[in-house]
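J.: Below is the file work.pdb, which contains PDB, C-alpha atoms.
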ATOM      1  CA  MET P   1      70.559  45.959  30.885  1.00  0.00           C
ATOM      2  CA  PRO P   2      67.292  45.724  29.147  1.00  0.00           C
ATOM      3  CA  MET P   3      65.366  42.568  29.655  1.00  0.00           C
ATOM      4  CA  LYS P   4      65.107  40.247  26.704  1.00  0.00           C
ATOM      5  CA  THR P   5      61.803  38.791  25.876  1.00  0.00           C
ATOM      6  CA  ASP P   6      61.600  35.210  24.817  1.00  0.00           C
ATOM      7  CA  HIS P   7      59.574  35.094  21.652  1.00  0.00           C
ATOM      8  CA  SER P   8      60.262  31.418  21.152  1.00  0.00           C
ATOM      9  CA  ARG P   9      57.580  30.478  23.645  1.00  0.00           C
ATOM     10  CA  LYS P  10      54.214  30.018  21.918  1.00  0.00           C
ATOM     11  CA  LYS P  11      50.985  30.713  23.595  1.00  0.00           C
ATOM     12  CA  GLY P  12      47.990  28.418  23.112  1.00  0.00           C
ATOM     13  CA  ILE P  13      44.818  27.535  24.888  1.00  0.00           C
ATOM     14  CA  SER P  14      45.103  26.145  28.313  1.00  0.00           C
ATOM     15  CA  PRO P  15      44.593  22.406  28.833  1.00  0.00           C
ATOM     16  CA  LEU P  16      41.459  23.104  30.885  1.00  0.00           C
ATOM     17  CA  VAL P  17      39.833  25.113  28.071  1.00  0.00           C
ATOM     18  CA  ALA P  18      40.835  22.441  25.535  1.00  0.00           C
ATOM     19  CA  ALA P  19      39.249  19.710  27.662  1.00  0.00           C
ATOM     20  CA  VAL P  20      36.000  21.701  28.060  1.00  0.00           C
ATOM     21  CA  LEU P  21      35.816  22.365  24.293  1.00  0.00           C
ATOM     22  CA  LEU P  22      36.477  18.710  23.497  1.00  0.00           C
ATOM     23  CA  ILE P  23      33.751  17.579  25.902  1.00  0.00           C
ATOM     24  CA  ALA P  24      31.269  20.125  24.504  1.00  0.00           C
ATOM     25  CA  PHE P  25      32.020  19.039  20.912  1.00  0.00           C
ATOM     26  CA  THR P  26      31.603  15.362  21.844  1.00  0.00           C
ATOM     27  CA  VAL P  27      28.274  15.983  23.601  1.00  0.00           C
ATOM     28  CA  ALA P  28      26.951  18.013  20.643  1.00  0.00           C
ATOM     29  CA  LEU P  29      28.009  15.348  18.152  1.00  0.00           C
ATOM     30  CA  GLY P  30      26.505  12.600  20.326  1.00  0.00           C
ATOM     31  CA  SER P  31      23.204  14.492  20.537  1.00  0.00           C
ATOM     32  CA  LEU P  32      23.021  14.814  16.751  1.00  0.00           C
ATOM     33  CA  ILE P  33      23.734  11.118  16.226  1.00  0.00           C
ATOM     34  CA  PHE P  34      21.221  10.094  18.900  1.00  0.00           C
ATOM     35  CA  SER P  35      18.530  12.312  17.361  1.00  0.00           C
ATOM     36  CA  PHE P  36      19.132  10.864  13.876  1.00  0.00           C
ATOM     37  CA  LEU P  37      19.167   7.254  15.069  1.00  0.00           C
ATOM     38  CA  SER P  38      16.088   7.732  17.250  1.00  0.00           C
ATOM     39  CA  SER P  39      14.093   9.138  14.324  1.00  0.00           C
ATOM     40  CA  THR P  40      15.292   6.417  11.936  1.00  0.00           C
ATOM     41  CA  ILE P  41      14.536   3.601  14.383  1.00  0.00           C
ATOM     42  CA  THR P  42      11.039   4.977  15.092  1.00  0.00           C
ATOM     43  CA  GLN P  43      10.223   5.211  11.366  1.00  0.00           C
ATOM     44  CA  THR P  44      11.566   1.707  10.696  1.00  0.00           C
ATOM     45  CA  THR P  45       9.611   0.259  13.620  1.00  0.00           C
ATOM     46  CA  ASP P  46       6.391   1.890  12.407  1.00  0.00           C
ATOM     47  CA  THR P  47       6.931   0.579   8.857  1.00  0.00           C
ATOM     48  CA  ILE P  48       7.609  -2.961  10.064  1.00  0.00           C
ATOM     49  CA  THR P  49       4.598  -2.863  12.398  1.00  0.00           C
ATOM     50  CA  ASN P  50       2.291  -1.701   9.567  1.00  0.00           C
ATOM     51  CA  ARG P  51       3.569  -4.376   7.183  1.00  0.00           C
ATOM     52  CA  THR P  52       3.271  -7.100   9.809  1.00  0.00           C
ATOM     53  CA  THR P  53      -0.281  -6.074  10.683  1.00  0.00           C
ATOM     54  CA  GLN P  54      -1.233  -6.028   6.996  1.00  0.00           C
ATOM     55  CA  ALA P  55       0.371  -9.437   6.398  1.00  0.00           C
ATOM     56  CA  ILE P  56      -1.499 -10.962   9.350  1.00  0.00           C
ATOM     57  CA  ASP P  57      -4.794  -9.413   8.229  1.00  0.00           C
ATOM     58  CA  CYS P  58      -4.269 -10.550   4.639  1.00  0.00           C
ATOM     59  CA  SER P  59      -3.369 -14.109   5.609  1.00  0.00           C
ATOM     60  CA  ALA P  60      -7.048 -14.813   6.357  1.00  0.00           C
ATOM     61  CA  ALA P  61      -8.487 -12.815   3.445  1.00  0.00           C
ATOM     62  CA  SER P  62     -10.473 -14.315   0.581  1.00  0.00           C
ATOM     63  CA  ILE P  63     -13.007 -13.053  -1.956  1.00  0.00           C
ATOM     64  CA  ASN P  64     -15.299 -14.761  -4.416  1.00  0.00           C
ATOM     65  CA  VAL P  65     -17.102 -13.478  -7.492  1.00  0.00           C
ATOM     66  CA  GLU P  66     -20.534 -14.923  -6.781  1.00  0.00           C
ATOM     67  CA  GLU P  67     -22.371 -13.941  -9.961  1.00  0.00           C
ATOM     68  CA  VAL P  68     -22.048 -11.792 -13.084  1.00  0.00           C
ATOM     69  CA  PHE P  69     -25.044 -10.194 -14.813  1.00  0.00           C
ATOM     70  CA  VAL P  70     -24.855  -8.592 -18.276  1.00  0.00           C
ATOM     71  CA  SER P  71     -27.620  -6.274 -19.537  1.00  0.00           C
ATOM     72  CA  GLY P  72     -27.402  -5.347 -23.215  1.00  0.00           C
ATOM     73  CA  THR P  73     -24.557  -5.742 -25.675  1.00  0.00           C
ATOM     74  CA  THR P  74     -23.062  -2.665 -27.388  1.00  0.00           C
ATOM     75  CA  SER P  75     -23.542  -0.487 -24.315  1.00  0.00           C
ATOM     76  CA  ALA P  76     -23.758  -3.302 -21.822  1.00  0.00           C
ATOM     77  CA  THR P  77     -23.923  -2.905 -18.093  1.00  0.00           C
ATOM     78  CA  VAL P  78     -22.079  -5.621 -16.229  1.00  0.00           C
ATOM     79  CA  ARG P  79     -22.982  -6.123 -12.572  1.00  0.00           C
ATOM     80  CA  VAL P  80     -20.484  -8.164 -10.572  1.00  0.00           C
ATOM     81  CA  VAL P  81     -21.504  -9.601  -7.194  1.00  0.00           C
ATOM     82  CA  ILE P  82     -18.507 -10.046  -4.875  1.00  0.00           C
ATOM     83  CA  LYS P  83     -18.474 -11.720  -1.468  1.00  0.00           C
ATOM     84  CA  ASN P  84     -15.841 -11.490   1.268  1.00  0.00           C
ATOM     85  CA  THR P  85     -15.447 -15.211   2.013  1.00  0.00           C
ATOM     86  CA  GLY P  86     -12.416 -14.807   4.272  1.00  0.00           C
ATOM     87  CA  PHE P  87     -12.018 -13.964   7.927  1.00  0.00           C
ATOM     88  CA  THR P  88     -10.704 -10.440   7.417  1.00  0.00           C
ATOM     89  CA  ASP P  89     -12.655  -7.266   8.087  1.00  0.00           C
ATOM     90  CA  ASP P  90     -11.867  -3.941   6.414  1.00  0.00           C
ATOM     91  CA  LEU P  91     -10.703  -5.587   3.191  1.00  0.00           C
ATOM     92  CA  VAL P  92     -10.392  -3.158   0.264  1.00  0.00           C
ATOM     93  CA  ILE P  93     -11.557  -4.090  -3.253  1.00  0.00           C
ATOM     94  CA  ARG P  94      -8.964  -2.288  -5.333  1.00  0.00           C
ATOM     95  CA  ASP P  95      -9.681  -3.211  -8.935  1.00  0.00           C
ATOM     96  CA  LEU P  96     -12.311  -4.858 -11.119  1.00  0.00           C
ATOM     97  CA  GLN P  97     -11.858  -5.592 -14.811  1.00  0.00           C
ATOM     98  CA  VAL P  98     -14.226  -7.144 -17.351  1.00  0.00           C
ATOM     99  CA  PHE P  99     -12.749  -8.719 -20.492  1.00  0.00           C
ATOM    100  CA  ASN P 100     -14.484  -9.612 -23.738  1.00  0.00           C
ATOM    101  CA  THR P 101     -13.325 -12.314 -26.152  1.00  0.00           C
ATOM    102  CA  THR P 102     -11.530  -9.799 -28.388  1.00  0.00           C
ATOM    103  CA  GLY P 103      -9.218  -8.904 -25.502  1.00  0.00           C
ATOM    104  CA  ASN P 104     -10.704  -5.515 -24.615  1.00  0.00           C
ATOM    105  CA  ASN P 105     -10.934  -4.805 -20.927  1.00  0.00           C
ATOM    106  CA  PHE P 106     -13.250  -2.450 -19.110  1.00  0.00           C
ATOM    107  CA  THR P 107     -12.727  -0.948 -15.663  1.00  0.00           C
ATOM    108  CA  THR P 108     -14.910   1.036 -13.311  1.00  0.00           C
ATOM    109  CA  SER P 109     -14.337   4.350 -11.598  1.00  0.00           C
ATOM    110  CA  GLY P 110     -16.417   3.343  -8.551  1.00  0.00           C
ATOM    111  CA  LEU P 111     -13.470   1.757  -6.769  1.00  0.00           C
ATOM    112  CA  PRO P 112     -11.946   1.207  -4.302  1.00  0.00           C
ATOM    113  CA  ILE P 113     -14.520  -0.307  -2.000  1.00  0.00           C
ATOM    114  CA  PRO P 114     -13.153   0.168   1.529  1.00  0.00           C
ATOM    115  CA  ASP P 115     -14.252  -1.581   4.717  1.00  0.00           C
ATOM    116  CA  PHE P 116     -15.416  -4.763   2.983  1.00  0.00           C
ATOM    117  CA  ASP P 117     -16.087  -6.938   6.046  1.00  0.00           C
ATOM    118  CA  ARG P 118     -16.257 -10.727   6.283  1.00  0.00           C
ATOM    119  CA  GLY P 119     -19.465 -12.163   4.899  1.00  0.00           C
ATOM    120  CA  GLU P 120     -20.373  -8.873   3.244  1.00  0.00           C
ATOM    121  CA  ILE P 121     -21.605  -8.813  -0.356  1.00  0.00           C
ATOM    122  CA  ALA P 122     -21.015  -5.919  -2.758  1.00  0.00           C
ATOM    123  CA  THR P 123     -22.302  -5.302  -6.274  1.00  0.00           C
ATOM    124  CA  VAL P 124     -20.192  -3.294  -8.700  1.00  0.00           C
ATOM    125  CA  ALA P 125     -21.595  -2.033 -12.029  1.00  0.00           C
ATOM    126  CA  ILE P 126     -19.369  -1.411 -15.022  1.00  0.00           C
ATOM    127  CA  GLY P 127     -19.975  -0.452 -18.642  1.00  0.00           C
ATOM    128  CA  ALA P 128     -18.676  -2.762 -21.394  1.00  0.00           C
ATOM    129  CA  ASN P 129     -19.108  -3.619 -25.070  1.00  0.00           C
ATOM    130  CA  PHE P 130     -20.103  -7.094 -26.233  1.00  0.00           C
ATOM    131  CA  THR P 131     -21.234  -8.302 -29.641  1.00  0.00           C
ATOM    132  CA  SER P 132     -23.391 -10.912 -27.924  1.00  0.00           C
ATOM    133  CA  CYS P 133     -24.022 -12.288 -24.484  1.00  0.00           C
ATOM    134  CA  PRO P 134     -22.728 -14.668 -23.287  1.00  0.00           C
ATOM    135  CA  GLY P 135     -20.752 -15.354 -26.486  1.00  0.00           C
ATOM    136  CA  SER P 136     -18.320 -12.441 -26.310  1.00  0.00           C
ATOM    137  CA  PHE P 137     -17.913 -12.445 -22.518  1.00  0.00           C
ATOM    138  CA  SER P 138     -14.481 -13.718 -21.433  1.00  0.00           C
ATOM    139  CA  LYS P 139     -13.852 -13.077 -17.745  1.00  0.00           C
ATOM    140  CA  VAL P 140     -13.984 -10.794 -14.715  1.00  0.00           C
ATOM    141  CA  ILE P 141     -10.975 -10.236 -12.447  1.00  0.00           C
ATOM    142  CA  VAL P 142     -11.410  -8.669  -9.002  1.00  0.00           C
ATOM    143  CA  SER P 143      -8.387  -7.806  -6.856  1.00  0.00           C
ATOM    144  CA  THR P 144      -7.828  -6.425  -3.357  1.00  0.00           C
ATOM    145  CA  THR P 145      -5.117  -4.437  -1.635  1.00  0.00           C
ATOM    146  CA  CYS P 146      -3.894  -7.723  -0.125  1.00  0.00           C
ATOM    147  CA  GLY P 147      -1.309  -9.048  -2.552  1.00  0.00           C
ATOM    148  CA  GLY P 148      -2.424 -12.302  -4.135  1.00  0.00           C
ATOM    149  CA  ILE P 149      -6.009 -12.055  -2.879  1.00  0.00           C
ATOM    150  CA  SER P 150      -8.150 -11.885  -6.007  1.00  0.00           C
ATOM    151  CA  ASP P 151     -10.729 -13.912  -7.892  1.00  0.00           C
ATOM    152  CA  THR P 152     -11.352 -14.586 -11.559  1.00  0.00           C
ATOM    153  CA  PHE P 153     -14.801 -15.431 -12.902  1.00  0.00           C
ATOM    154  CA  THR P 154     -14.691 -17.328 -16.193  1.00  0.00           C
ATOM    155  CA  GLY P 155     -18.135 -18.889 -16.009  1.00  0.00           C
ATOM    156  CA  THR P 156     -21.199 -17.970 -17.985  1.00  0.00           C
ATOM    157  CA  PRO P 157     -22.784 -14.657 -17.004  1.00  0.00           C
ATOM    158  CA  LYS P 158     -26.542 -14.243 -16.710  1.00  0.00           C
ATOM    159  CA  CYS P 159     -27.690 -12.226 -19.722  1.00  0.00           C
ATOM    160  CA  SER P 160     -30.769 -10.051 -20.140  1.00  0.00           C
TER     161      SER P 160
END
For this file, produce the structure as structure tokens.
T.:
Amino acid sequence: MPMKTDHSRKKGISPLVAAVLLIAFTVALGSLIFSFLSSTITQTTDTITNRTTQAIDCSAASINVEEVFVSGTTSATVRVVIKNTGFTDDLVIRDLQVFNTTGNNFTTSGLPIPDFDRGEIATVAIGANFTSCPGSFSKVIVSTTCGGISDTFTGTPKCS
């Protein structure tokens, strides 16, 4: 009598092969997650370190507009003398604006001034338009890369 084959029995992968594949998949997935987390943690740590260092450096920063000189009127040259009066080295003067009484403001292209060390004095020249000096002079605002560290000069400039 011919032998009957049992087609009802299904063949699959052996338990040993299934265990090896499951372990390999788990290790690969774990490696991807570890790589992603390691990169993210390193970037976050670097960002926090940079911000903390900047905050500590800026906590002792201070600047002062020592004097303002205006030469001429219509095509005036304004020279602003700035002093680092704080205890921070490598301060950066980011922006300087001169305002006249009509509300016009004038900026310079000679900025930023990097590496502005404690006690150091810098002079920045800027072109502006005034109808008269000191009558149409309003103010000078100087700011740094340290948030909140700036100075405003509203006194009387020296005119020539």
J.: Nearest to P:Asp151 among P:Val80, P:Ile56, P:Ile48, P:Val17, with distances taken over all atoms listed in the file: which residue is it?
T.: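 Nearest candidate to P:Asp151 out of P:Val80, P:Ile56, P:Ile48, P:Val17: P:Val80.
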J.: Mind telling me what the PyMOL selection byres ((chain P and resi 92) around 6) catches here, as a PyMOL selection string?
T.: chain P and resi 91+93-94+113-114+116+144-145
J.: Separation of atom CA of P:Thr131 and atom CA of P:Val68, in Å?
T.: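 Atom CA of P:Val68 lies 16.9 Å from atom CA of P:Thr131.
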J.: Translate the PyMOL selection byres ((chain P and resi 118) around 10), as applied to the file shown, into an explicit residue set as a PyMOL selection string.
T.: chain P and resi 61-63+83-91+115-117+119-121
J.: Generate a file of the selected residues that holds C-alpha atoms, formatted as a compact mmCIF listing (two decimals), keeping the file's coordinate frame.
T.:
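result_6.txt was written with the following content:
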# COMPACT_ATOMS: atom_id res chain seq x y z
CA ALA P 61 -8.49 -12.82 3.44
CA SER P 62 -10.47 -14.32 0.58
CA ILE P 63 -13.01 -13.05 -1.96
CA LYS P 83 -18.47 -11.72 -1.47
CA ASN P 84 -15.84 -11.49 1.27
CA THR P 85 -15.45 -15.21 2.01
CA GLY P 86 -12.42 -14.81 4.27
CA PHE P 87 -12.02 -13.96 7.93
CA THR P 88 -10.70 -10.44 7.42
CA ASP P 89 -12.66 -7.27 8.09
CA ASP P 90 -11.87 -3.94 6.41
CA LEU P 91 -10.70 -5.59 3.19
CA ASP P 115 -14.25 -1.58 4.72
CA PHE P 116 -15.42 -4.76 2.98
CA ASP P 117 -16.09 -6.94 6.05
CA GLY P 119 -19.46 -12.16 4.90
CA GLU P 120 -20.37 -8.87 3.24
CA ILE P 121 -21.60 -8.81 -0.36
J.: Suppose a student applies the PyMOL selection byres ((chain P and resi 135) around 10) to this structure; what residues should they get, written as a list in words?
T.: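 Expected selection for the PyMOL selection byres ((chain P and resi 135) around 10) here is Asn100, Thr101, Phe130, Thr131, Ser132, Cys133, Pro134, Ser136, Phe137, Ser138, Thr156 and Pro157 of chain P.
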J.: Pull the neighbourhood of (-11.3, -12.2, -8.1) for me: all residues within 9 Å in file coordinates, counting all atoms listed in the file, as a list in words.
T.: Ser62, Ile63, Asn64, Val65, Ile82, Leu96, Val140, Ile141, Val142, Ser143, Thr144, Ile149, Ser150, Asp151, Thr152 and Phe153 of chain P
J.: How many Å separate atom CA of P:Ala76 from atom CA of P:Ile126?
T.: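 Atom CA of P:Ile126 lies at a distance of 8.3 Å from atom CA of P:Ala76.
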J.: List the spatial neighbours of P:Val81 as a list in words - criterion: any atom at most 6 Å away, all atoms listed in the file, same-chain residues fewer than 6 positions off excluded.
T.: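 Residues meeting the cut-off are Val65, Glu66, Glu67, Ala122 and Thr123 of chain P.
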J.: Quick check, in Å to one decimal: how far apart do atom CA of P:Ser71 and atom CA of P:Cys159 lie?
T.: 6.0 Å
J.: What's the 6 Å shell around P:Asn129, counting all atoms listed in the file, without same-chain residues fewer than 2 positions away, as a PyMOL selection string?
T.: chain P and resi 73-76
J.: Assuming 8 Å of padding per side, give the centre and edge lengths of the axis-aligned box around every listed atom of stretch 95-104 of chain P, in Å to one decimal and as JSON.
T.:
{"center_x": -11.9, "center_y": -7.8, "center_z": -18.7, "size_x": 21.3, "size_y": 25.1, "size_z": 35.5}
